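Structure file coords27.txt; described as compact mmCIF, C-alpha atoms.
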```txt
# COMPACT_ATOMS: atom_id res chain seq x y z
CA MET A 1377 91.31 129.19 59.22
CA SER A 1378 94.76 130.25 58.09
CA ILE A 1379 97.69 127.88 58.23
CA ALA A 1380 99.18 129.86 61.13
CA GLU A 1381 95.99 129.57 63.17
CA ASP A 1382 95.67 125.90 62.27
CA VAL A 1383 99.21 125.09 63.47
CA LEU A 1384 98.75 127.11 66.65
CA THR A 1385 95.44 125.40 67.44
CA LYS A 1386 96.92 121.93 66.94
CA TYR A 1387 99.91 122.86 69.09
CA PHE A 1388 97.75 124.13 71.95
CA GLU A 1389 95.49 121.06 71.76
CA ALA A 1390 98.52 118.78 72.03
CA GLN A 1391 99.94 120.80 74.92
CA ARG A 1392 96.64 120.60 76.78
CA ASP A 1393 96.72 116.78 76.56
CA LEU A 1394 100.35 116.61 77.59
CA LEU A 1395 99.96 118.82 80.65
CA ALA A 1396 98.74 117.43 83.93
CA ILE A 1397 97.68 119.51 86.92
CA GLU A 1398 96.35 118.61 90.32
CA GLY A 1399 95.30 120.73 93.28
CA VAL A 1400 97.02 119.85 96.55
CA ASP A 1401 94.96 122.13 98.77
CA GLU A 1402 93.11 125.44 98.32
CA ARG A 1403 96.42 127.35 97.96
CA SER A 1404 98.67 124.93 96.03
CA ALA A 1405 98.70 122.92 92.83
CA ILE A 1406 101.25 120.69 91.11
CA ILE A 1407 101.75 120.99 87.38
CA SER A 1408 103.48 118.35 85.26
CA LEU A 1409 104.95 119.75 82.05
CA PRO A 1410 105.82 117.92 78.83
CA LEU A 1411 109.53 118.57 79.35
CA HIS A 1412 111.80 115.75 80.37
CA PHE A 1413 115.08 115.35 82.19
CA SER A 1414 117.13 113.39 79.64
CA ALA A 1415 113.88 111.99 78.16
CA ASN A 1416 112.87 110.24 81.36
CA ALA A 1417 111.20 111.99 84.30
CA ARG A 1418 109.03 115.03 83.56
CA VAL A 1419 109.57 118.50 84.97
CA GLU A 1420 106.97 118.97 87.71
CA LEU A 1421 106.46 122.20 89.64
CA SER A 1422 104.37 123.19 92.60
CA VAL A 1423 102.69 126.58 92.58
CA THR A 1424 101.49 128.10 95.86
CA ARG A 1425 99.57 131.33 96.36
CA VAL A 1426 101.20 133.05 99.36
CA SER A 1427 99.23 136.30 99.23
CA LYS A 1428 96.60 137.87 97.03
CA ASP A 1429 99.08 138.76 94.31
CA GLN A 1430 102.16 136.67 95.14
CA PHE A 1431 102.99 133.09 94.17
CA VAL A 1432 105.88 130.75 94.97
CA ILE A 1433 106.94 128.18 92.39
CA SER A 1434 109.14 125.28 93.44
CA ASP A 1435 110.47 122.11 91.86
CA MET A 1436 109.90 120.15 95.11
CA ALA A 1437 113.64 119.33 95.06
CA GLN A 1438 113.13 117.05 92.06
CA THR A 1439 115.81 118.61 89.83
CA ILE A 1440 118.64 118.05 92.28
CA GLY A 1441 116.98 114.77 93.26
CA GLU A 1442 117.32 113.56 89.67
CA LEU A 1443 121.02 114.47 89.70
CA LYS A 1444 121.50 112.56 92.94
CA ASP A 1445 119.63 109.55 91.60
CA ALA A 1446 121.98 109.62 88.61
CA GLY A 1447 124.96 109.34 90.95
CA TYR A 1448 126.05 112.99 91.25
CA SER A 1449 127.29 114.22 94.56
CA VAL A 1450 125.63 117.62 94.88
CA ARG A 1451 128.07 119.71 96.89
CA ASP A 1452 129.03 123.39 97.03
CA LYS A 1453 130.78 123.50 93.64
CA LEU A 1454 127.87 121.93 91.77
CA ARG A 1455 125.41 124.14 93.65
CA GLU A 1456 127.35 127.20 92.53
CA ARG A 1457 127.21 126.03 88.92
CA ILE A 1458 123.47 125.33 89.17
CA LEU A 1459 122.88 128.79 90.65
CA GLY A 1460 124.85 130.31 87.79
CA MET A 1461 122.67 128.45 85.29
CA VAL A 1462 119.36 129.52 86.83
CA GLU A 1463 120.21 133.09 87.84
CA ILE A 1464 118.88 134.46 84.58
CA SER A 1465 115.48 132.89 85.32
CA ARG A 1466 115.49 134.54 88.79
CA LEU A 1467 115.50 131.21 90.59
CA GLN A 1468 116.93 130.65 94.06
CA LEU A 1469 118.19 127.52 95.73
CA ASP A 1470 116.80 126.82 99.20
CA GLY A 1471 118.37 123.60 100.45
CA ASN A 1472 117.87 121.26 97.51
CA THR A 1473 114.76 123.07 96.29
CA LEU A 1474 114.67 125.54 93.42
CA ILE A 1475 112.30 128.39 94.20
CA ARG A 1476 110.96 131.47 92.45
CA GLN A 1477 108.60 134.10 93.75
CA CYS A 1478 106.45 136.01 91.27
CA SER A 1479 103.35 138.13 90.93
CA GLU A 1480 100.06 136.91 89.49
CA GLU A 1481 100.78 138.80 86.29
CA GLU A 1482 104.15 137.08 85.87
CA LEU A 1483 102.91 133.59 86.78
CA GLY A 1484 102.54 132.12 83.29
CA ASN A 1485 105.93 133.32 82.09
CA ALA A 1486 107.53 132.41 85.41
CA ILE A 1487 106.32 128.78 85.14
CA HIS A 1488 107.68 128.57 81.61
CA ALA A 1489 111.06 130.09 82.56
CA PHE A 1490 111.31 127.88 85.66
CA ALA A 1491 110.62 124.69 83.69
CA ASP A 1492 113.12 125.75 81.04
CA ALA A 1493 115.80 126.33 83.69
CA ALA A 1494 115.10 122.98 85.39
CA LYS A 1495 115.36 121.17 82.07
CA THR A 1496 118.62 122.98 81.26
CA ILE A 1497 120.14 121.69 84.51
CA GLY A 1498 118.91 118.17 83.78
CA ASP A 1499 120.24 118.25 80.21
CA ALA A 1500 123.59 119.66 81.28
CA TYR A 1501 124.24 116.83 83.71
CA LEU A 1502 121.99 113.90 82.86
CA VAL A 1503 122.69 113.45 79.15
CA TYR A 1504 125.93 111.72 80.03
CA PRO A 1505 125.51 108.09 81.03
CA VAL A 1506 125.56 107.05 84.65
CA ARG A 1507 129.03 106.08 85.70
CA THR A 1508 129.10 102.65 87.23
CA ARG A 1509 131.41 102.94 90.19
CA ALA A 1510 132.63 99.39 90.03
CA SER A 1511 132.39 96.86 87.29
CA LYS A 1512 130.98 93.41 87.73
CA ILE A 1513 133.95 91.79 86.03
CA GLU A 1514 136.27 93.41 88.57
CA ASP A 1515 134.23 92.01 91.46
CA ASP A 1516 134.03 88.57 89.82
CA LEU A 1517 137.79 88.45 89.31
CA LYS A 1518 138.46 89.53 92.87
CA THR A 1519 136.17 86.79 94.13
CA ARG A 1520 138.05 84.21 92.04
CA VAL A 1521 141.42 85.48 93.30
CA ARG A 1522 140.25 85.25 96.93
CA LYS A 1523 139.03 81.69 96.33
CA ALA A 1524 142.33 80.72 94.68
CA PHE A 1525 144.35 82.17 97.58
CA ASN A 1526 142.16 80.50 100.18
CA ARG A 1527 142.28 77.15 98.38
CA LYS A 1528 146.07 77.24 98.35
CA ARG A 1529 146.21 78.66 101.90
CA TYR A 1530 147.97 81.91 101.11
CA PHE A 1531 147.83 84.62 103.76
CA PHE A 1532 146.90 87.75 101.82
CA LYS A 1533 145.76 91.29 102.46
CA GLU A 1534 143.54 93.50 100.33
CA LYS A 1535 143.90 97.17 99.40
CA VAL A 1536 147.35 97.52 100.87
CA LEU A 1537 149.91 100.26 100.28
CA VAL A 1538 153.09 98.66 98.99
CA PRO A 1539 156.32 100.69 99.24
CA GLY A 1540 158.09 101.70 96.05
CA GLU A 1541 161.38 103.50 95.47
CA VAL A 1542 159.57 106.72 94.51
CA GLU A 1543 156.22 106.42 96.32
CA GLU A 1544 153.77 103.97 97.86
CA HIS A 1545 151.29 102.15 95.61
CA ARG A 1546 147.90 100.75 96.58
CA VAL A 1547 147.34 97.23 95.22
CA ASP A 1548 144.25 95.02 95.26
CA PHE A 1549 146.01 92.01 96.85
CA TYR A 1550 149.31 91.66 98.64
CA ILE A 1551 151.23 88.68 100.00
CA HIS A 1552 154.19 89.62 102.17
CA PRO A 1553 157.50 88.03 101.07
CA ASN A 1554 158.56 86.99 104.59
CA GLY A 1555 162.04 86.09 103.39
CA ALA A 1556 160.84 84.46 100.18
CA ASN A 1557 158.91 85.88 97.21
CA GLY A 1558 155.99 88.21 97.81
CA LEU A 1559 153.23 89.20 95.46
CA ALA A 1560 151.46 92.45 94.65
CA LEU A 1561 148.44 91.75 92.47
CA GLU A 1562 146.24 94.24 90.65
CA ILE A 1563 142.97 93.66 88.80
CA LEU A 1564 142.53 95.91 85.79
CA ALA A 1565 138.90 95.87 84.66
CA GLU A 1566 139.45 98.87 82.33
CA PRO A 1567 142.96 98.29 81.02
CA ASP A 1568 143.29 101.40 78.87
CA ARG A 1569 146.64 102.88 77.93
CA VAL A 1570 146.70 105.34 80.84
CA HIS A 1571 146.19 102.53 83.37
CA ALA A 1572 148.68 100.28 81.60
CA GLU A 1573 151.36 102.99 81.65
CA ALA A 1574 150.63 103.84 85.26
CA TRP A 1575 151.01 100.19 86.22
CA ALA A 1576 154.21 99.92 84.22
CA PHE A 1577 155.67 102.61 86.47
CA LYS A 1578 154.19 101.11 89.63
CA THR A 1579 155.54 97.65 88.76
CA LEU A 1580 159.08 98.90 88.21
CA ASP A 1581 158.94 101.03 91.35
CA ILE A 1582 157.73 98.19 93.58
CA ARG A 1583 160.22 95.71 92.16
CA GLN A 1584 163.09 98.15 92.51
CA LYS A 1585 162.29 98.88 96.15
CA SER A 1586 161.88 95.20 97.02
CA ARG A 1587 164.94 94.26 94.94
CA GLY A 1588 162.86 91.83 92.96
CA ARG A 1589 161.45 89.99 95.98
CA VAL A 1590 157.92 91.24 95.37
CA ALA A 1591 156.51 90.00 92.09
CA VAL A 1592 153.88 92.22 90.50
CA GLY A 1593 151.03 90.40 88.80
CA ILE A 1594 148.27 91.95 86.73
CA ILE A 1595 145.00 90.30 85.81
CA TYR A 1596 143.31 92.29 83.08
CA ASN A 1597 140.00 92.30 81.28
CA ASP A 1598 141.02 91.04 77.83
CA GLN A 1599 137.63 91.95 76.35
CA LYS A 1600 138.43 95.64 76.74
CA VAL A 1601 142.19 95.70 76.25
CA LYS A 1602 143.84 97.19 73.16
CA GLU A 1603 147.03 95.81 71.69
CA ILE A 1604 149.21 98.68 72.90
CA SER A 1605 147.97 98.31 76.49
CA ARG A 1606 148.38 94.53 76.38
CA ASN A 1607 151.98 94.92 75.21
CA ILE A 1608 152.81 97.31 78.04
CA ILE A 1609 151.20 95.08 80.68
CA GLU A 1610 152.79 91.86 79.40
CA LYS A 1611 156.27 93.35 79.05
CA VAL A 1612 156.47 95.06 82.43
CA ALA A 1613 154.55 92.90 84.92
CA THR A 1614 156.21 89.84 86.46
CA PHE A 1615 153.24 87.94 85.15
CA SER A 1616 150.02 89.01 83.49
CA ILE A 1617 146.91 86.94 82.99
CA PRO A 1618 143.94 87.76 80.78
CA ALA A 1619 140.64 87.28 82.59
CA SER A 1620 139.53 84.62 80.11
CA ASN A 1621 142.62 82.60 81.01
CA PHE A 1622 142.27 82.79 84.77
CA THR A 1623 142.85 79.05 85.25
CA HIS A 1624 146.60 79.71 84.84
CA PHE A 1625 146.66 81.91 87.94
CA SER A 1626 147.33 79.04 90.36
CA GLU A 1627 150.10 77.72 88.13
CA GLN A 1628 151.77 81.13 88.17
CA LEU A 1629 151.72 81.21 91.96
CA ASP A 1630 153.43 77.80 92.05
CA ALA A 1631 155.94 78.70 89.34
CA LEU A 1632 157.03 81.88 91.14
CA GLN A 1633 157.19 80.08 94.51
CA ILE A 1634 155.24 82.80 96.21
CA SER A 1635 155.54 82.81 100.00
CA HIS A 1636 152.44 81.68 101.85
CA GLY A 1637 152.72 84.93 103.74
CA VAL A 1638 153.01 83.49 107.26
CA MET B 537 122.13 104.07 77.38
CA PRO B 538 125.15 102.58 79.12
CA ASP B 539 125.44 98.81 79.27
CA ALA B 540 124.40 97.30 82.57
CA PRO B 541 126.52 94.55 84.10
CA PHE B 542 123.44 92.31 84.48
CA THR B 543 120.36 91.24 82.57
CA GLU B 544 116.65 91.58 83.23
CA ALA B 545 116.49 87.86 84.07
CA GLU B 546 119.25 88.28 86.66
CA VAL B 547 117.37 91.21 88.17
CA GLN B 548 114.16 89.19 88.44
CA HIS B 549 116.08 86.30 89.98
CA LEU B 550 117.63 88.69 92.48
CA ILE B 551 114.28 90.24 93.42
CA ALA B 552 112.75 86.80 93.98
CA ALA B 553 115.69 85.64 96.13
CA LYS B 554 115.66 86.09 99.90
CA LYS B 555 117.88 88.97 100.92
CA TYR B 556 118.77 90.74 104.12
CA ILE B 557 120.25 94.01 105.35
CA HIS B 558 123.94 93.33 105.82
CA LYS B 559 124.82 96.74 107.20
CA VAL B 560 123.63 100.31 107.51
CA MET B 561 125.86 102.41 105.27
CA GLU B 562 124.24 105.78 105.89
CA ASP B 563 121.46 107.13 108.11
CA ASN B 564 121.35 110.86 108.74
CA ARG B 565 117.96 111.01 110.43
CA ARG B 566 119.48 112.19 113.70
CA GLN B 567 121.65 114.91 112.17
CA PRO B 568 120.55 118.53 112.55
CA ASN B 569 120.17 121.04 109.67
CA ILE B 570 120.01 118.62 106.76
CA ASN B 571 118.35 119.25 103.42
CA GLU B 572 117.31 115.65 102.98
CA ILE B 573 116.99 112.46 104.94
CA ARG B 574 119.09 109.67 103.47
CA LEU B 575 119.16 106.04 104.41
CA THR B 576 121.36 103.47 102.70
CA TYR B 577 121.61 99.77 103.48
CA GLU B 578 123.95 97.21 101.96
CA ILE B 579 121.92 94.22 100.84
CA ARG B 580 123.18 90.65 100.56
CA ARG B 581 121.60 87.44 99.46
CA ARG B 582 120.53 84.95 102.15
CA ASN B 583 122.60 81.72 102.07
CA ASN B 584 125.35 83.59 100.22
CA GLU B 585 126.58 85.91 102.94
CA ALA B 586 130.15 86.28 101.63
CA GLU B 587 129.02 87.45 98.22
CA ARG B 588 129.42 91.20 97.78
CA LEU B 589 127.69 92.44 94.69
CA ARG B 590 127.18 96.13 95.38
CA ARG B 591 123.47 96.08 96.05
CA ARG B 592 122.14 99.04 97.93
CA PHE B 593 118.73 99.88 99.31
CA PHE B 594 118.43 103.64 99.21
CA ALA B 595 115.68 105.81 100.67
CA ARG B 596 115.53 109.58 100.44
CA LEU B 597 113.18 112.29 101.64
CA GLU B 598 113.75 115.92 100.78
CA LYS B 599 112.96 118.36 103.57
CA GLN B 600 110.24 120.91 102.87
CA ALA B 601 112.18 124.08 101.97
CA ASN B 602 109.63 126.38 103.59
CA ALA B 603 105.95 126.51 104.42
CA ALA B 604 105.09 127.97 101.00
CA VAL B 605 106.40 124.92 99.17
CA VAL B 606 104.52 121.66 98.70
CA LYS B 607 105.97 118.91 100.91
CA PRO B 608 107.85 116.34 98.80
CA PHE B 609 107.13 112.62 99.01
CA PRO B 610 109.83 110.08 99.87
CA GLY B 611 111.41 107.84 97.26
CA VAL B 612 112.93 104.40 97.72
CA SER B 613 115.14 102.51 95.32
CA LEU B 614 117.12 99.30 95.05
CA LEU B 615 120.43 99.84 93.29
CA TRP B 616 122.70 97.23 91.78
CA TYR B 617 126.05 98.49 90.59
CA ASN B 618 124.57 101.96 90.94
CA HIS B 619 121.72 101.17 88.51
CA ARG B 620 118.14 101.57 89.72
CA ILE B 621 116.65 98.07 89.33
CA ARG B 622 113.56 98.84 91.42
CA ALA B 623 112.21 102.09 92.76
CA ILE B 624 108.96 103.37 94.17
CA CYS B 625 108.37 107.09 93.94
CA TRP B 626 105.71 109.70 93.29
CA ARG B 627 105.24 111.91 90.26
CA LEU B 628 102.11 113.70 89.13
CA ARG B 629 102.58 112.06 85.74
CA HIS B 630 105.35 109.72 84.62
CA ASP B 631 105.68 108.35 81.11
CA ALA B 632 106.11 104.59 80.70
CA TYR B 633 108.21 102.98 77.97
CA ARG B 634 108.30 99.34 76.92
CA ASP B 635 110.85 98.19 74.33
CA GLY B 636 111.58 101.81 73.52
CA GLN B 637 107.95 102.63 72.76
CA PHE B 638 105.85 105.08 74.75
CA ILE B 639 103.00 102.95 76.13
CA GLY B 640 101.20 105.44 78.36
CA TYR B 641 101.65 107.12 81.67
CA VAL B 642 101.01 106.64 85.37
CA ARG B 643 99.77 109.32 87.72
CA GLY B 644 100.99 109.28 91.31
CA TRP B 645 102.87 106.37 92.81
CA HIS B 646 104.71 104.12 90.40
CA GLU B 647 107.31 101.37 90.55
CA LYS B 648 110.29 101.39 88.22
CA GLN B 649 111.13 97.87 87.04
CA TRP B 650 114.41 97.23 85.25
CA THR B 651 114.19 95.80 81.74
CA ASP B 652 116.93 95.04 79.23
CA ALA B 653 115.53 97.39 76.63
CA ASP B 654 114.30 100.30 78.73
CA HIS B 655 116.37 100.07 81.91
CA ASP B 656 114.50 102.11 84.54
CA ARG B 657 112.10 103.76 82.09
CA PHE B 658 109.54 100.97 82.35
CA ILE B 659 107.13 101.68 85.19
CA ILE B 660 103.99 100.17 86.62
CA ASP B 661 101.15 101.77 88.55
CA ALA B 662 101.84 101.42 92.27
CA ASN B 663 99.01 103.54 93.69
CA SER B 664 97.15 100.49 94.99
CA ILE B 665 100.39 99.01 96.36
CA VAL B 666 101.39 102.13 98.28
CA GLY B 667 97.88 103.14 99.36
CA ASP B 668 98.14 105.38 102.40
CA LYS B 669 101.64 104.18 103.39
CA THR B 670 103.26 107.38 102.17
CA GLY B 671 105.37 108.14 105.25
CA PHE B 672 109.12 107.63 105.11
CA ALA B 673 109.28 104.65 107.50
CA SER B 674 106.15 102.95 106.18
CA LEU B 675 107.32 103.24 102.55
CA ILE B 676 110.67 101.71 103.50
CA GLY B 677 108.88 98.85 105.25
CA LEU B 678 106.66 98.32 102.20
CA CYS B 679 109.62 98.22 99.80
CA LEU B 680 111.62 95.86 102.01
CA ARG B 681 108.72 93.41 102.05
CA ARG B 682 107.92 93.83 98.36
CA TRP B 683 111.52 93.25 97.26
CA ASN B 684 112.07 90.27 99.61
CA ILE B 685 114.52 91.93 101.96
CA GLU B 686 114.42 90.75 105.55
CA ALA B 687 114.92 93.44 108.13
CA PRO B 688 115.28 93.24 111.88
CA GLU B 689 112.27 94.84 113.55
CA GLN B 690 114.17 97.84 114.84
CA TYR B 691 114.86 99.09 111.30
CA GLU B 692 111.15 99.61 110.86
CA LEU B 693 110.50 101.34 114.15
CA GLY B 694 110.14 105.08 114.55
CA GLU B 695 107.81 107.72 113.31
CA SER B 696 108.02 109.01 109.79
CA PRO B 697 109.88 112.32 109.67
```
This structure in structure tokens:
Amino acid sequence: MSIAEDVLTKYFEAQRDLLAIEGVDERSAIISLPLHFSANARVELSVTRVSKDQFVISDMAQTIGELKDAGYSVRDKLRERILGMVEISRLQLDGNTLIRQCSEEELGNAIHAFADAAKTIGDAYLVYPVRTRASKIEDDLKTRVRKAFNRKRYFFKEKVLVPGEVEEHRVDFYIHPNGANGLALEILAEPDRVHAEAWAFKTLDIRQKSRGRVAVGIIYNDQKVKEISRNIIEKVATFSIPASNFTHFSEQLDALQISHGV
Amino acid sequence: MPDAPFTEAEVQHLIAAKKYIHKVMEDNRRQPNINEIRLTYEIRRRNNEAERLRRRFFARLEKQANAAVVKPFPGVSLLWYNHRIRAICWRLRHDAYRDGQFIGYVRGWHEKQWTDADHDRFIIDANSIVGDKTGFASLIGLCLRRWNIEAPEQYELGESP
């Protein structure tokens, strides 16, 4: 046996072991191919004979399902992009299901092209890590702030729009001044430079509009902050507290004589 | 892989703890012309009702595109901070990884179990657990019981779509 034949034989033997196929009924079968969406779930296709010479291949909505499971919102724009990616393989999108019709002669190539297209979609979107919509540290800090406010009997609101000279700004916590000193408090779990600069503007805008009666406090995640962002936050906010130093939060409220909000 | 905001031990502790459905976040079973049925519950821990830790129970069933396409099976997952910490779903063949090593595969129903090293790539065979409860409502009921989530009876009523 020549080296070429030897390699080809080994390759086909391996492929045979890696493939899985199961009949669903007398017309349909499901085939599981050794191709993976971002090295996790395999590409699986159903093949149904619809007439003597015609077959329908579908992904049983698994490709878009994988995107949804990874946190993507599959709407019109993403659908358009997916269609653009699979057009060359003559695939159609019916609801969330990718479909291709082919003749018996085309079946082998069609399965291969379909699987290739499905994997391309998966690779294009799933290789990037899942974005966590909210961080645990942010939730933990918010819980601690709520407890501190409740312990000291402050009347506070959450996710409130606070007026500024230029525009309104949404803050995580707000205590109305009611003739004394108010407080707008923001939790920055990802205090990168963009956020720090944005909050520098927001702080100045809120303080200008309230003529200094609303203090702006920022509690930031000091495990993720860089020096430049820390400098911006510390210089502009009325007070700033690193998460690891949260015990000073109550002292700050007392020092600034924040109104109890009622 | 991205870092998760919890550990495998915390996940196991959470699964063992008594939980309940705090609210229905999404249920489109009564809507016409939908591509998929989606059901999302917010889950909270019993005896710690005020705690909000972004746990979601998520069930999904894709509609059969047309009669020529094989009908998909439903899938149910328990998400924590948008990470799949438990899930039961069907695949003809799904590879299983433990500590980054390929350890074999499962055919059919399997349960994803979160681990520190492999996240949701570690799976166990769930064919005997699921049995013939492959309808949408019965799979939801099974997962609620299996993951210690109490549900009022009316959540489990109704025929599978």
12 Å contact set for segment 1624-1627 of chain A, only C-alpha atoms, chain neighbours under 5 positions out, as a JSON list (two decimals) with C-alpha atoms, in the coordinates of the input:
```
[["chain", "number", "residue", "atom", "x", "y", "z"],
["A", 1517, "LEU", "CA", 137.79, 88.45, 89.31],
["A", 1520, "ARG", "CA", 138.05, 84.21, 92.04],
["A", 1521, "VAL", "CA", 141.42, 85.48, 93.30],
["A", 1522, "ARG", "CA", 140.25, 85.25, 96.93],
["A", 1523, "LYS", "CA", 139.03, 81.69, 96.33],
["A", 1524, "ALA", "CA", 142.33, 80.72, 94.68],
["A", 1525, "PHE", "CA", 144.35, 82.17, 97.58],
["A", 1526, "ASN", "CA", 142.16, 80.50, 100.18],
["A", 1527, "ARG", "CA", 142.28, 77.15, 98.38],
["A", 1528, "LYS", "CA", 146.07, 77.24, 98.35],
["A", 1529, "ARG", "CA", 146.21, 78.66, 101.90],
["A", 1530, "TYR", "CA", 147.97, 81.91, 101.11],
["A", 1561, "LEU", "CA", 148.44, 91.75, 92.47],
["A", 1593, "GLY", "CA", 151.03, 90.40, 88.80],
["A", 1594, "ILE", "CA", 148.27, 91.95, 86.73],
["A", 1595, "ILE", "CA", 145.00, 90.30, 85.81],
["A", 1596, "TYR", "CA", 143.31, 92.29, 83.08],
["A", 1615, "PHE", "CA", 153.24, 87.94, 85.15],
["A", 1616, "SER", "CA", 150.02, 89.01, 83.49],
["A", 1617, "ILE", "CA", 146.91, 86.94, 82.99],
["A", 1618, "PRO", "CA", 143.94, 87.76, 80.78],
["A", 1619, "ALA", "CA", 140.64, 87.28, 82.59],
["A", 1632, "LEU", "CA", 157.03, 81.88, 91.14],
["A", 1633, "GLN", "CA", 157.19, 80.08, 94.51],
["A", 1634, "ILE", "CA", 155.24, 82.80, 96.21]]
```
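The two atoms in question, atom CA of His630 of chain B and atom CA of Arg1451 of chain A, are spaced 27.7 Å apart.
Residue-level contacts from chain B to chain A at 7 Å, counting all atoms listed in the file, read Met537, Pro538, Pro541, Asn571, Glu598, Ala601, Ala604, Val605, Val606, Pro608, Tyr617, Asn618, Leu628, Arg629, His630 and Arg657 of chain B.
Of note, atom CA of Asp635 of chain B and atom CA of Val612 of chain B are spaced 24.3 Å apart.
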As number ranges by chain, please: the residues near Phe594 of chain B (cut-off 8 Å, all atoms listed in the file, same-chain neighbours under 4 positions excluded). B: 574-577, 612-615
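What separates atom CA of Thr1579 of chain A from atom CA of Thr1614 of chain A is a distance of 8.2 Å.
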The residue from B:Ser664, B:Phe593, B:Ala673, B:Arg588 with the smallest atom-to-atom distance to Val560 of chain B, counting only C-alpha atoms, is B:Phe593
Mind giving me the axis-aligned box for segment 1561-1570 of chain A with 5 Å on every side, centre plus edges in Å to one decimal, as AutoDock Vina command-line options?
```
--center_x 143.7 --center_y 98.5 --center_z 85.2 --size_x 19.5 --size_y 23.6 --size_z 24.5
```
